[in-house]
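Data file: input_19.txt. Format and content: compact mmCIF, C-alpha atoms and all ligand atoms.
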# COMPACT_ATOMS: atom_id res chain seq x y z
CA MET A 1 0.00 0.00 0.00
CA PRO A 2 1.43 3.41 -0.92
CA GLY A 3 2.60 5.03 2.31
CA GLY A 4 1.52 1.89 4.16
CA ASN A 5 -2.23 2.42 4.47
CA THR A 6 -5.40 3.33 2.56
CA ARG A 7 -6.79 6.51 4.11
CA SER A 8 -5.08 9.92 3.85
CA THR A 9 -6.91 11.32 6.89
CA VAL A 10 -5.42 8.82 9.33
CA PHE A 11 -1.84 8.83 8.07
CA ARG A 12 0.71 10.28 10.47
CA GLU A 13 4.48 10.73 10.24
CA PRO A 14 6.49 8.63 10.72
CA TYR A 15 3.66 6.07 10.63
CA PRO A 16 0.17 5.91 12.12
CA VAL A 17 -0.91 4.02 15.23
CA TYR A 18 -2.55 0.73 14.21
CA ALA A 19 -5.66 -0.17 16.19
CA ALA A 20 -6.13 -3.73 17.44
CA ARG A 21 -9.50 -3.26 19.11
CA GLY A 22 -11.86 -0.79 20.69
CA ARG A 23 -14.01 -0.98 23.79
CA GLY A 24 -16.39 1.79 24.81
CA SER A 25 -14.41 5.02 25.03
CA ARG A 26 -11.05 3.24 24.63
CA ILE A 27 -8.92 2.31 21.64
CA ILE A 28 -6.21 -0.33 22.09
CA ASP A 29 -3.34 -0.38 19.59
CA VAL A 30 -1.35 -3.34 18.27
CA ASP A 31 1.29 -2.78 20.97
CA GLY A 32 -1.42 -3.18 23.62
CA VAL A 33 -1.45 0.52 24.57
CA GLU A 34 -4.88 1.74 25.67
CA ARG A 35 -5.95 5.35 25.12
CA ILE A 36 -9.14 7.40 25.41
CA ASP A 37 -10.41 7.70 21.84
CA PHE A 38 -11.38 11.29 21.06
CA THR A 39 -11.50 10.66 17.31
CA ASN A 40 -14.28 8.04 17.45
CA ASN A 41 -13.44 7.46 13.81
CA TYR A 42 -14.06 11.11 13.05
CA THR A 43 -17.56 11.04 14.62
CA ALA A 44 -18.76 7.78 13.07
CA LEU A 45 -18.84 6.19 16.54
CA VAL A 46 -21.22 8.37 18.50
CA HIS A 47 -21.63 5.56 21.08
CA GLY A 48 -17.96 4.58 21.26
CA HIS A 49 -16.55 1.20 20.26
CA ALA A 50 -18.50 -2.06 20.19
CA HIS A 51 -21.60 -0.76 21.95
CA PRO A 52 -23.47 -3.92 23.09
CA ARG A 53 -26.80 -2.90 21.50
CA ILE A 54 -25.16 -2.08 18.19
CA VAL A 55 -23.07 -5.27 18.23
CA LYS A 56 -26.20 -7.29 18.94
CA ALA A 57 -28.13 -5.66 16.09
CA ALA A 58 -25.24 -6.14 13.65
CA ARG A 59 -24.67 -9.75 14.72
CA ARG A 60 -28.34 -10.61 14.29
CA ALA A 61 -28.28 -9.07 10.83
CA ILE A 62 -25.08 -10.78 9.69
CA GLU A 63 -26.32 -14.16 10.87
CA ARG A 64 -29.19 -13.81 8.42
CA GLY A 65 -26.87 -13.05 5.51
CA SER A 66 -24.58 -10.07 5.03
CA CYS A 67 -25.91 -8.79 1.71
CA PHE A 68 -28.41 -9.59 -0.99
CA GLY A 69 -29.19 -8.70 -4.56
CA THR A 70 -32.53 -7.46 -3.26
CA PRO A 71 -33.75 -4.70 -0.98
CA THR A 72 -34.40 -5.68 2.65
CA GLU A 73 -36.85 -4.49 5.26
CA SER A 74 -33.92 -3.12 7.26
CA GLU A 75 -33.57 -0.17 4.90
CA ILE A 76 -37.23 0.72 5.35
CA ARG A 77 -36.74 0.76 9.12
CA LEU A 78 -33.71 3.08 8.98
CA ALA A 79 -35.39 5.30 6.36
CA GLU A 80 -38.44 5.60 8.63
CA ALA A 81 -36.27 6.41 11.65
CA LEU A 82 -34.64 9.24 9.67
CA THR A 83 -37.75 10.68 8.01
CA GLU A 84 -39.52 10.64 11.36
CA ARG A 85 -36.80 12.86 12.86
CA VAL A 86 -36.40 15.62 10.29
CA PRO A 87 -39.32 17.36 8.53
CA SER A 88 -37.33 18.03 5.33
CA PHE A 89 -36.48 14.32 4.98
CA GLU A 90 -39.47 13.26 2.89
CA GLN A 91 -37.52 10.46 1.19
CA VAL A 92 -34.14 8.77 1.61
CA ARG A 93 -31.57 6.81 -0.43
CA PHE A 94 -28.67 4.91 1.12
CA MET A 95 -25.11 4.50 -0.08
CA ASN A 96 -21.76 3.59 1.44
CA SER A 97 -20.01 6.87 2.17
CA GLY A 98 -20.57 10.56 2.62
CA THR A 99 -18.60 11.13 -0.57
CA GLU A 100 -21.10 9.06 -2.55
CA ALA A 101 -24.01 10.83 -0.88
CA VAL A 102 -22.59 14.23 -1.91
CA MET A 103 -22.06 12.92 -5.44
CA MET A 104 -25.67 11.78 -5.68
CA ALA A 105 -26.88 15.07 -4.18
CA VAL A 106 -25.00 16.99 -6.87
CA LYS A 107 -26.38 14.73 -9.63
CA ALA A 108 -29.92 14.98 -8.26
CA ALA A 109 -29.67 18.77 -8.06
CA ARG A 110 -28.44 18.98 -11.66
CA ALA A 111 -31.09 16.61 -12.95
CA PHE A 112 -33.88 18.40 -11.09
CA THR A 113 -32.89 21.96 -12.00
CA GLY A 114 -31.36 21.33 -15.44
CA ARG A 115 -28.40 23.50 -14.38
CA ARG A 116 -24.76 22.54 -13.99
CA LYS A 117 -22.98 24.67 -11.37
CA ILE A 118 -22.51 23.90 -7.68
CA ALA A 119 -21.50 26.48 -5.06
CA LYS A 120 -19.55 25.66 -1.92
CA CYS A 121 -17.67 27.53 0.79
CA GLU A 122 -13.95 28.13 0.68
CA GLY A 123 -12.31 25.66 3.07
CA ALA A 124 -15.30 23.33 3.43
CA TYR A 125 -14.76 19.60 2.91
CA HIS A 126 -17.54 17.56 1.34
CA GLY A 127 -15.67 14.38 0.40
CA GLY A 128 -13.68 13.41 -2.67
CA TYR A 129 -16.15 13.96 -5.55
CA ASP A 130 -14.50 16.23 -8.11
CA PHE A 131 -17.11 18.99 -8.19
CA VAL A 132 -16.77 19.64 -4.45
CA ASP A 133 -13.06 18.78 -4.26
CA VAL A 134 -12.25 22.42 -4.90
CA SER A 135 -10.84 25.07 -2.52
CA VAL A 136 -10.79 22.64 0.39
CA ALA A 137 -7.42 23.67 1.82
CA PRO A 138 -5.80 26.02 -0.70
CA ARG A 139 -2.34 27.45 0.05
CA GLU A 140 -2.21 31.13 0.92
CA GLY A 141 -0.70 32.30 -2.39
CA LEU A 142 -3.65 30.84 -4.33
CA TRP A 143 -6.52 32.37 -2.37
CA GLY A 144 -7.47 35.33 -4.55
CA PRO A 145 -9.29 38.36 -3.09
CA PRO A 146 -11.16 37.75 0.22
CA GLY A 147 -14.50 38.83 -1.29
CA ASP A 148 -14.03 36.69 -4.40
CA PRO A 149 -12.11 33.51 -3.56
CA ALA A 150 -10.37 31.66 -6.36
CA ALA A 151 -11.58 28.12 -7.19
CA VAL A 152 -8.55 25.91 -6.54
CA PRO A 153 -8.62 22.16 -7.35
CA SER A 154 -7.62 20.21 -4.24
CA GLY A 155 -4.98 18.04 -5.80
CA ALA A 156 -3.31 17.12 -9.07
CA GLY A 157 -6.00 14.50 -9.70
CA THR A 158 -8.83 17.03 -9.67
CA TRP A 159 -8.73 18.57 -13.13
CA PRO A 160 -8.86 22.39 -13.31
CA SER A 161 -11.78 22.15 -15.75
CA VAL A 162 -14.10 21.37 -12.80
CA THR A 163 -13.56 24.91 -11.54
CA THR A 164 -15.73 26.26 -14.34
CA ASP A 165 -18.67 24.51 -12.68
CA THR A 166 -17.75 24.95 -9.02
CA VAL A 167 -18.38 28.37 -7.52
CA ILE A 168 -16.55 29.32 -4.31
CA VAL A 169 -18.03 31.67 -1.71
CA PRO A 170 -16.35 32.94 1.47
CA PHE A 171 -17.88 31.35 4.60
CA ASN A 172 -19.80 33.76 6.85
CA ASP A 173 -19.60 36.70 4.43
CA ALA A 174 -23.27 37.22 3.55
CA ASP A 175 -22.72 40.16 1.19
CA ALA A 176 -19.90 38.58 -0.80
CA ALA A 177 -21.74 35.25 -0.96
CA THR A 178 -24.92 36.91 -2.27
CA ARG A 179 -22.96 38.87 -4.85
CA ILE A 180 -20.99 35.84 -6.09
CA LEU A 181 -24.01 33.52 -6.14
CA SER A 182 -26.10 36.11 -7.97
CA ALA A 183 -23.50 36.36 -10.73
CA HIS A 184 -23.98 32.61 -11.39
CA ALA A 185 -27.68 32.37 -10.51
CA ARG A 186 -28.93 31.14 -13.88
CA ASP A 187 -26.41 28.27 -14.04
CA LEU A 188 -26.51 27.23 -10.38
CA ALA A 189 -28.12 23.91 -9.46
CA ALA A 190 -27.30 24.00 -5.75
CA VAL A 191 -25.40 25.55 -2.88
CA ILE A 192 -23.90 23.03 -0.47
CA ILE A 193 -23.47 24.18 3.13
CA ASP A 194 -22.20 22.53 6.29
CA PRO A 195 -23.34 24.82 9.13
CA LEU A 196 -20.48 23.63 11.37
CA PRO A 197 -17.74 22.76 8.89
CA ASN A 198 -15.03 20.72 10.57
CA ARG A 199 -12.12 21.38 8.20
CA LEU A 200 -13.09 25.03 8.08
CA GLY A 201 -12.21 25.41 11.75
CA LEU A 202 -15.37 23.90 13.26
CA ILE A 203 -16.88 27.37 13.55
CA PRO A 204 -20.65 27.89 13.22
CA ALA A 205 -22.24 29.56 10.21
CA SER A 206 -23.71 32.91 11.26
CA ALA A 207 -27.46 33.41 11.10
CA GLU A 208 -26.86 36.31 8.69
CA PHE A 209 -24.87 34.08 6.33
CA LEU A 210 -27.39 31.23 6.44
CA ASN A 211 -30.27 33.66 5.89
CA ALA A 212 -28.53 35.21 2.90
CA VAL A 213 -27.87 31.81 1.32
CA GLN A 214 -31.44 30.65 1.94
CA ARG A 215 -32.86 33.88 0.55
CA PHE A 216 -30.74 33.57 -2.56
CA CYS A 217 -31.70 29.92 -3.09
CA LYS A 218 -35.43 30.61 -2.71
CA ALA A 219 -35.38 33.63 -5.00
CA ASN A 220 -33.46 31.82 -7.74
CA ASP A 221 -34.82 28.24 -7.56
CA VAL A 222 -31.40 27.00 -6.51
CA LEU A 223 -31.39 23.95 -4.21
CA LEU A 224 -29.93 24.15 -0.72
CA ILE A 225 -27.93 21.03 0.18
CA SER A 226 -27.07 20.59 3.86
CA ASP A 227 -23.98 18.46 4.50
CA GLU A 228 -24.57 16.95 7.93
CA VAL A 229 -22.17 14.03 7.67
CA ILE A 230 -20.60 15.29 10.91
CA SER A 231 -23.02 17.93 12.15
CA PHE A 232 -26.20 15.77 12.21
CA ARG A 233 -25.40 14.86 15.83
CA LEU A 234 -26.04 18.42 17.02
CA HIS A 235 -29.79 17.81 17.36
CA ARG A 236 -32.23 14.90 17.15
CA ALA A 237 -33.52 16.57 13.98
CA GLY A 238 -30.04 17.37 12.71
CA ALA A 239 -27.91 20.46 12.25
CA GLN A 240 -30.56 22.19 10.13
CA ARG A 241 -32.90 22.14 13.11
CA LYS A 242 -30.15 23.40 15.43
CA PHE A 243 -29.39 26.27 13.02
CA GLY A 244 -33.02 26.88 12.05
CA TYR A 245 -33.30 26.14 8.35
CA ALA A 246 -34.83 23.48 6.11
CA ALA A 247 -32.69 22.03 3.33
CA ASP A 248 -33.95 20.74 -0.01
CA LEU A 249 -31.47 17.86 0.18
CA THR A 250 -29.38 16.65 3.12
CA VAL A 251 -26.27 14.52 3.03
CA LEU A 252 -25.66 12.12 5.92
CA GLY A 253 -22.98 9.58 6.79
CA LYS A 254 -20.82 8.42 9.66
CA LEU A 255 -23.00 8.02 12.78
CA ILE A 256 -26.13 6.82 10.94
CA GLY A 257 -24.28 3.59 10.06
CA GLY A 258 -23.53 2.67 13.68
CA GLY A 259 -19.84 2.23 12.81
CA PHE A 260 -20.34 0.54 9.43
CA PRO A 261 -19.73 2.16 6.01
CA VAL A 262 -22.65 4.43 5.17
CA GLY A 263 -23.96 7.45 3.36
CA ALA A 264 -27.48 8.73 2.85
CA LEU A 265 -29.24 11.38 0.84
CA ALA A 266 -32.53 12.68 2.20
CA GLY A 267 -34.81 15.41 0.98
CA ARG A 268 -37.91 16.66 -0.74
CA GLN A 269 -39.92 13.98 -2.51
CA GLU A 270 -40.21 16.09 -5.64
CA ILE A 271 -36.40 16.16 -6.00
CA MET A 272 -35.75 12.62 -4.78
CA ALA A 273 -38.10 11.47 -7.56
CA VAL A 274 -35.11 11.71 -9.93
CA PHE A 275 -34.06 8.33 -8.47
CA ASP A 276 -37.46 6.68 -8.95
CA SER A 277 -37.00 3.60 -11.16
CA ARG A 278 -40.69 3.16 -11.97
CA GLY A 279 -42.12 3.82 -15.41
CA THR A 280 -39.56 5.18 -17.87
CA GLY A 281 -36.74 4.74 -15.36
CA PRO A 282 -34.82 7.15 -13.18
CA LEU A 283 -33.44 10.48 -14.37
CA VAL A 284 -30.42 9.67 -12.22
CA ALA A 285 -29.39 6.03 -11.95
CA HIS A 286 -28.20 5.21 -8.47
CA ALA A 287 -26.68 1.76 -8.28
CA GLY A 288 -24.23 0.33 -5.74
CA THR A 289 -23.58 -3.30 -4.80
CA PHE A 290 -23.63 -2.53 -1.09
CA ASN A 291 -26.24 0.26 -0.97
CA ALA A 292 -28.45 -0.13 2.11
CA ASN A 293 -26.40 -3.08 3.33
CA PRO A 294 -28.56 -4.86 5.92
CA VAL A 295 -25.77 -5.05 8.53
CA THR A 296 -25.17 -1.30 8.21
CA MET A 297 -28.91 -0.61 8.31
CA ALA A 298 -29.40 -2.64 11.50
CA ALA A 299 -26.37 -1.13 13.25
CA GLY A 300 -27.38 2.35 12.11
CA LEU A 301 -30.91 1.94 13.42
CA ALA A 302 -29.58 0.82 16.81
CA ALA A 303 -27.22 3.83 16.91
CA LEU A 304 -30.05 6.24 16.03
CA GLU A 305 -32.39 4.72 18.62
CA LEU A 306 -29.71 5.25 21.26
CA LEU A 307 -29.27 8.87 20.19
CA THR A 308 -32.22 10.25 22.14
CA PRO A 309 -32.59 13.94 23.05
CA GLU A 310 -31.35 12.99 26.56
CA ALA A 311 -28.28 11.25 25.09
CA ILE A 312 -27.57 14.30 22.94
CA ALA A 313 -27.87 16.60 25.97
CA THR A 314 -25.35 14.47 27.90
CA LEU A 315 -23.09 14.31 24.85
CA ASP A 316 -23.20 18.09 24.48
CA GLU A 317 -22.38 18.60 28.17
CA LEU A 318 -19.36 16.35 27.75
CA GLY A 319 -18.31 18.28 24.65
CA ALA A 320 -18.59 21.56 26.56
CA ARG A 321 -16.53 20.03 29.36
CA CYS A 322 -13.83 18.97 26.85
CA ARG A 323 -13.67 22.49 25.42
CA GLU A 324 -13.49 23.94 28.93
CA GLU A 325 -10.64 21.59 29.87
CA ILE A 326 -8.78 22.46 26.67
CA ARG A 327 -9.29 26.18 27.29
CA ARG A 328 -7.94 25.83 30.82
CA ALA A 329 -4.87 23.90 29.63
CA ILE A 330 -4.19 26.53 26.95
CA THR A 331 -4.58 29.44 29.36
CA GLY A 332 -2.46 27.72 32.01
CA SER A 333 0.40 27.10 29.60
CA GLY A 334 0.30 30.60 28.12
CA VAL A 335 0.40 29.43 24.46
CA PRO A 336 -1.46 31.70 22.02
CA TRP A 337 -3.99 29.01 21.09
CA GLN A 338 -7.76 28.62 21.25
CA VAL A 339 -10.51 26.02 20.93
CA SER A 340 -13.65 26.06 18.77
CA GLY A 341 -16.62 23.72 18.47
CA MET A 342 -20.21 23.13 19.40
CA GLY A 343 -22.19 20.30 20.98
CA SER A 344 -19.93 17.28 21.34
CA LEU A 345 -17.34 18.50 18.81
CA PHE A 346 -14.12 20.44 19.39
CA ARG A 347 -11.08 21.66 17.49
CA ILE A 348 -7.85 23.07 18.87
CA HIS A 349 -6.34 25.99 16.93
CA PRO A 350 -2.69 27.04 17.17
CA ILE A 351 -3.65 30.65 16.42
CA THR A 352 -5.03 33.66 18.32
CA GLY A 353 -7.15 35.86 16.04
CA PRO A 354 -10.94 35.72 15.70
CA LEU A 355 -12.15 32.64 13.80
CA ARG A 356 -14.61 33.75 11.13
CA ASP A 357 -13.86 32.01 7.86
CA TYR A 358 -11.37 29.69 6.13
CA ARG A 359 -8.55 32.22 5.95
CA SER A 360 -8.78 33.25 9.61
CA THR A 361 -8.75 29.63 10.80
CA ARG A 362 -5.78 28.57 8.68
CA ALA A 363 -2.67 28.06 10.86
CA THR A 364 0.78 28.85 9.51
CA PRO A 365 2.71 25.69 8.51
CA LYS A 366 4.97 26.21 11.56
CA ALA A 367 2.01 26.49 13.97
CA ALA A 368 0.33 23.46 12.36
CA ARG A 369 3.55 21.45 12.89
CA LEU A 370 3.67 22.45 16.55
CA LEU A 371 0.02 21.44 16.98
CA ALA A 372 0.72 18.06 15.35
CA MET A 373 3.67 17.58 17.71
CA ILE A 374 1.54 18.33 20.77
CA MET A 375 -1.17 15.95 19.50
CA MET A 376 1.58 13.32 19.07
CA GLU A 377 2.68 13.94 22.64
CA LEU A 378 -0.94 13.34 23.73
CA LEU A 379 -0.63 9.82 22.31
CA ASN A 380 2.09 9.24 24.91
CA LEU A 381 -0.26 10.51 27.61
CA GLY A 382 -3.17 8.17 26.97
CA VAL A 383 -5.18 10.40 24.62
CA PHE A 384 -5.92 9.40 21.05
CA ILE A 385 -6.73 12.47 18.99
CA ASP A 386 -6.44 13.73 15.42
CA ALA A 387 -3.13 15.38 14.47
CA GLY A 388 -4.99 18.54 13.42
CA GLY A 389 -6.58 18.97 16.87
CA PHE A 390 -10.09 17.71 16.00
CA GLY A 391 -11.94 15.60 18.52
CA CYS A 392 -15.37 14.62 19.79
CA ALA A 393 -17.09 13.15 22.81
CA SER A 394 -19.10 9.93 22.67
CA THR A 395 -22.08 8.87 24.77
CA VAL A 396 -19.95 6.32 26.63
CA MET A 397 -17.38 8.85 27.87
CA ASP A 398 -17.53 10.51 31.24
CA GLU A 399 -16.28 13.65 32.96
CA GLY A 400 -13.12 11.81 33.98
CA ASP A 401 -12.23 11.33 30.31
CA ALA A 402 -12.65 15.05 29.66
CA ALA A 403 -10.53 15.86 32.73
CA HIS A 404 -7.84 13.47 31.48
CA LEU A 405 -7.82 15.31 28.15
CA GLY A 406 -7.24 18.61 29.98
CA SER A 407 -4.45 17.36 32.23
CA ALA A 408 -2.72 15.54 29.36
CA LEU A 409 -2.88 18.66 27.19
CA SER A 410 -1.44 20.77 30.04
CA ALA A 411 1.41 18.30 30.42
CA ALA A 412 2.04 18.10 26.66
CA LEU A 413 2.05 21.88 26.30
CA SER A 414 4.46 22.42 29.16
CA ALA A 415 6.76 19.67 27.81
CA GLU A 416 6.78 20.75 24.18
CA ALA A 417 5.68 24.36 23.69
CA PRO A 418 8.45 26.91 23.20
N1 LIG B 501 -18.87 15.67 4.23
C1 LIG B 501 -18.30 15.96 5.41
C2 LIG B 501 -18.72 17.19 6.15
C3 LIG B 501 -17.33 15.11 5.94
O1 LIG B 501 -16.75 15.40 7.11
C4 LIG B 501 -16.98 13.93 5.24
C5 LIG B 501 -15.96 12.94 5.78
N2 LIG B 501 -15.17 13.34 6.80
C6 LIG B 501 -17.61 13.68 4.02
C7 LIG B 501 -18.55 14.56 3.55
C8 LIG B 501 -17.28 12.44 3.23
O2 LIG B 501 -17.70 11.31 3.90
P1 LIG B 501 -16.98 9.89 3.70
O3 LIG B 501 -15.63 9.98 4.37
O4 LIG B 501 -17.90 8.92 4.36
O5 LIG B 501 -16.88 9.67 2.23
I need this file expressed as structure tokens, please.
Ligand code: PMP
Amino acid sequence: MPGGNTRSTVFREPYPVYAARGRGSRIIDVDGVERIDFTNNYTALVHGHAHPRIVKAARRAIERGSCFGTPTESEIRLAEALTERVPSFEQVRFMNSGTEAVMMAVKAARAFTGRRKIAKCEGAYHGGYDFVDVSVAPREGLWGPPGDPAAVPSGAGTWPSVTTDTVIVPFNDADAATRILSAHARDLAAVIIDPLPNRLGLIPASAEFLNAVQRFCKANDVLLISDEVISFRLHRAGAQRKFGYAADLTVLGKLIGGGFPVGALAGRQEIMAVFDSRGTGPLVAHAGTFNANPVTMAAGLAALELLTPEAIATLDELGARCREEIRRAITGSGVPWQVSGMGSLFRIHPITGPLRDYRSTRATPKAARLLAMIMMELLNLGVFIDAGGFGCASTVMDEGDAAHLGSALSAALSAEAP
């Protein structure tokens, strides 16, 4: 395997930790070292590792056969659990990753509107599909003016020609966004928004920005796609409920699979009809050998059933406690850092200024290296966390885990910070 593994996100220099097993809030590596797992596979494990109810549901499903060339009742059950939670989820389709769900959202939006362009925020990550794999983490020299960000393909494999169909708006700048979107209004199929974009600093979209985008979409018959692959956990009815808007289409993933590969697209029936195979066939074919895999569906349903409003309240309290502990460690050590986040999610920033948009949350390469070093030091102190400072609580953690995060960060900062 090039570089030794198959997932860019989890690679670390000189080599990543290899997990052997997980149990509740703990991850145990192949050397037998146990740590508190604050990555929870980047939010896929909202109930920690090997939750007994999820294991039981998955085991029961797999004993009946792991996949079929037919639909199963399990997908109806998970679809019902989702549509029952969120008013804008009139219909659902399942796939195997958030990336696929975004891809199908883009195709559905194009088919429904008959237009080709997609708008996204500078710095927002929506998976690896080419038309959203633009301006995800552009280098400073390539940014363009703040009020009119350049569209920058994310890597050498994303061809620059996609940038003619991908429009970039600055996050949280309502005026600039309205101006840019308006200039493309007639060609725009959809605007895709994550109201708490992780890679964009895990800072919330302002009400003014969300209002402006919604207003624009309504006035111009442009679809609003909400990417809640991570942010769905903020409320029983998802991030759109937390932030007070209704999306035309919503992209889901991670937690709704209970720890198994998953993606879902949910939205208005009228739009979702592009996937309807009846009659003359679908406007957008949506195949996939493992779509709505029954093991995933069963595990996902168990995970959703466990994610009650009470569980979310406890989760959010734990998240707040983690942020508080991090803040205290930062203040105590005197480093010019800060922490962002909401609900059960947090991100540590090796920078001081106000966090408003992609550019203001982007650390210098030197600061990012220092952060990665401190996160590496945390591995030695019993805390498993992402090298970029992203973490989350799970429902099986407790206050002691949050306190451990704080004391380990204090120790790491005093050992390593200049
Ligand atoms: N959207 C967002 C907001 C994400 O965070 C991710 C994955 N981290 C994706 C889409 C893509 O999901 P997946 O990794 O399941 O393809």
**Request:** Write as a PyMOL selection string the residues around ligand LIG 501 (chain B), taking 10 Å as the cut-off and counting only C-alpha atoms and all ligand atoms.
**Result:** chain A and resi 7+9+41-44+95-103+124-129+132+193-200+226-232+251-255+261-264
Scan for residues within 6 Å of the point (-36.6, 12.2, 15.0) in the coordinates of the file, using all atoms listed in the file, and reply as a PDB file with C-alpha atoms, in the coordinates of the input.
ATOM      1  CA  GLU A  84     -39.520  10.640  11.360  1.00  0.00           C
ATOM      2  CA  ARG A  85     -36.800  12.860  12.860  1.00  0.00           C
ATOM      3  CA  VAL A  86     -36.400  15.620  10.290  1.00  0.00           C
ATOM      4  CA  ARG A 236     -32.230  14.900  17.150  1.00  0.00           C
ATOM      5  CA  ALA A 237     -33.520  16.570  13.980  1.00  0.00           C
TER       6      ALA A 237
END
**Message:** Around the point (-20.0, 1.4, 14.8) (coordinates from the file), which residues reach within 12 Å if we count all atoms listed in the file? Answer as an NGL selection string.
**Reply:** :A and (22-24 or 40-58 or 253-262 or 295-304 or 394)
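The protein and nucleic acid residues lying at most 7 Å from Arg35 of chain A are Arg26, Ile27, Ile28, Gly382, Val383 and Phe384 of chain A, with all atoms listed in the file considered and sequence neighbours fewer than 3 positions away removed.
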Please produce a file of the residues just selected, as a PDB file, in the frame of the given file, where the atoms kept are C-alpha atoms.
ATOM      1  CA  ARG A  26     -11.050   3.240  24.630  1.00  0.00           C
ATOM      2  CA  ILE A  27      -8.920   2.310  21.640  1.00  0.00           C
ATOM      3  CA  ILE A  28      -6.210  -0.330  22.090  1.00  0.00           C
ATOM      4  CA  GLY A 382      -3.170   8.170  26.970  1.00  0.00           C
ATOM      5  CA  VAL A 383      -5.180  10.400  24.620  1.00  0.00           C
ATOM      6  CA  PHE A 384      -5.920   9.400  21.050  1.00  0.00           C
TER       7      PHE A 384
END
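Across the model, the gap from atom CA of Leu345 of chain A to atom CA of Asp316 of chain A is 8.2 Å.
Closest to Gln214 of chain A among A:Thr39, A:Gln240, A:Asn380, A:Gln91 is A:Gln240, based on all atoms listed in the file.
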**Request:** Report the distance between atom CA of Val274 of chain A and atom CA of Gly238 of chain A in Å, rounded to one decimal place.
**Result:** 23.9 Å
**Asked** What is the distance, in Å and to one decimal place, between atom CA of Ala387 of chain A and atom CA of Gly319 of chain A?
**Response** 18.5 Å
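Taking all atoms listed in the file into account, Glu325 of chain A lies nearest to A:Gly406 out of the set A:Gly155, A:Gly406, A:Gly69, A:Gly201.
Each of A:Arg268, A:Arg356, A:Arg233, A:Lys117 was checked against Leu315 of chain A using all atoms listed in the file; the smallest atom-to-atom distance is that of A:Arg233.
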**Message:** Taking only C-alpha atoms into account, name the residue in A:Ile326, A:Ile168, A:Leu265, A:Asp37 that is nearest to Cys392 of chain A.
**Reply:** A:Asp37
**Message:** So that I can see what lies close to Ala320 of chain A, please list as an MDAnalysis selection string the residues with an atom at most 8 Å from it, counting only C-alpha atoms and leaving out residues fewer than 2 positions away in the same chain.
**Reply:** chainID A and resid 316:318 322:324 342:344
Padding 4 Å on every side, please: axis-aligned box over the listed atoms of segment 309-326 of chain A, centre and edge lengths to one decimal in Å, as JSON.
{"center_x": -20.7, "center_y": 17.6, "center_z": 26.4, "size_x": 31.8, "size_y": 20.7, "size_z": 14.9}
Would you list the contacts of Ala108 of chain A as a PDB file with C-alpha atoms, in the frame of the given file, taking every protein, DNA or RNA residue within 12 Å and counting all atoms listed in the file, but skipping same-chain residues closer than 5 positions in sequence?
ATOM      1  CA  ARG A  93     -31.570   6.810  -0.430  1.00  0.00           C
ATOM      2  CA  ALA A 101     -24.010  10.830  -0.880  1.00  0.00           C
ATOM      3  CA  VAL A 102     -22.590  14.230  -1.910  1.00  0.00           C
ATOM      4  CA  MET A 103     -22.060  12.920  -5.440  1.00  0.00           C
ATOM      5  CA  THR A 113     -32.890  21.960 -12.000  1.00  0.00           C
ATOM      6  CA  GLY A 114     -31.360  21.330 -15.440  1.00  0.00           C
ATOM      7  CA  ARG A 115     -28.400  23.500 -14.380  1.00  0.00           C
ATOM      8  CA  ARG A 116     -24.760  22.540 -13.990  1.00  0.00           C
ATOM      9  CA  ILE A 118     -22.510  23.900  -7.680  1.00  0.00           C
ATOM     10  CA  ALA A 189     -28.120  23.910  -9.460  1.00  0.00           C
ATOM     11  CA  ALA A 190     -27.300  24.000  -5.750  1.00  0.00           C
ATOM     12  CA  LEU A 223     -31.390  23.950  -4.210  1.00  0.00           C
ATOM     13  CA  LEU A 224     -29.930  24.150  -0.720  1.00  0.00           C
ATOM     14  CA  ILE A 225     -27.930  21.030   0.180  1.00  0.00           C
ATOM     15  CA  ASP A 248     -33.950  20.740  -0.010  1.00  0.00           C
ATOM     16  CA  LEU A 249     -31.470  17.860   0.180  1.00  0.00           C
ATOM     17  CA  THR A 250     -29.380  16.650   3.120  1.00  0.00           C
ATOM     18  CA  VAL A 251     -26.270  14.520   3.030  1.00  0.00           C
ATOM     19  CA  LEU A 265     -29.240  11.380   0.840  1.00  0.00           C
ATOM     20  CA  ALA A 266     -32.530  12.680   2.200  1.00  0.00           C
ATOM     21  CA  GLY A 267     -34.810  15.410   0.980  1.00  0.00           C
ATOM     22  CA  ARG A 268     -37.910  16.660  -0.740  1.00  0.00           C
ATOM     23  CA  GLN A 269     -39.920  13.980  -2.510  1.00  0.00           C
ATOM     24  CA  GLU A 270     -40.210  16.090  -5.640  1.00  0.00           C
ATOM     25  CA  ILE A 271     -36.400  16.160  -6.000  1.00  0.00           C
ATOM     26  CA  MET A 272     -35.750  12.620  -4.780  1.00  0.00           C
ATOM     27  CA  ALA A 273     -38.100  11.470  -7.560  1.00  0.00           C
ATOM     28  CA  VAL A 274     -35.110  11.710  -9.930  1.00  0.00           C
ATOM     29  CA  PHE A 275     -34.060   8.330  -8.470  1.00  0.00           C
ATOM     30  CA  ASP A 276     -37.460   6.680  -8.950  1.00  0.00           C
ATOM     31  CA  PRO A 282     -34.820   7.150 -13.180  1.00  0.00           C
ATOM     32  CA  LEU A 283     -33.440  10.480 -14.370  1.00  0.00           C
ATOM     33  CA  VAL A 284     -30.420   9.670 -12.220  1.00  0.00           C
ATOM     34  CA  ALA A 285     -29.390   6.030 -11.950  1.00  0.00           C
ATOM     35  CA  HIS A 286     -28.200   5.210  -8.470  1.00  0.00           C
TER      36      HIS A 286
END
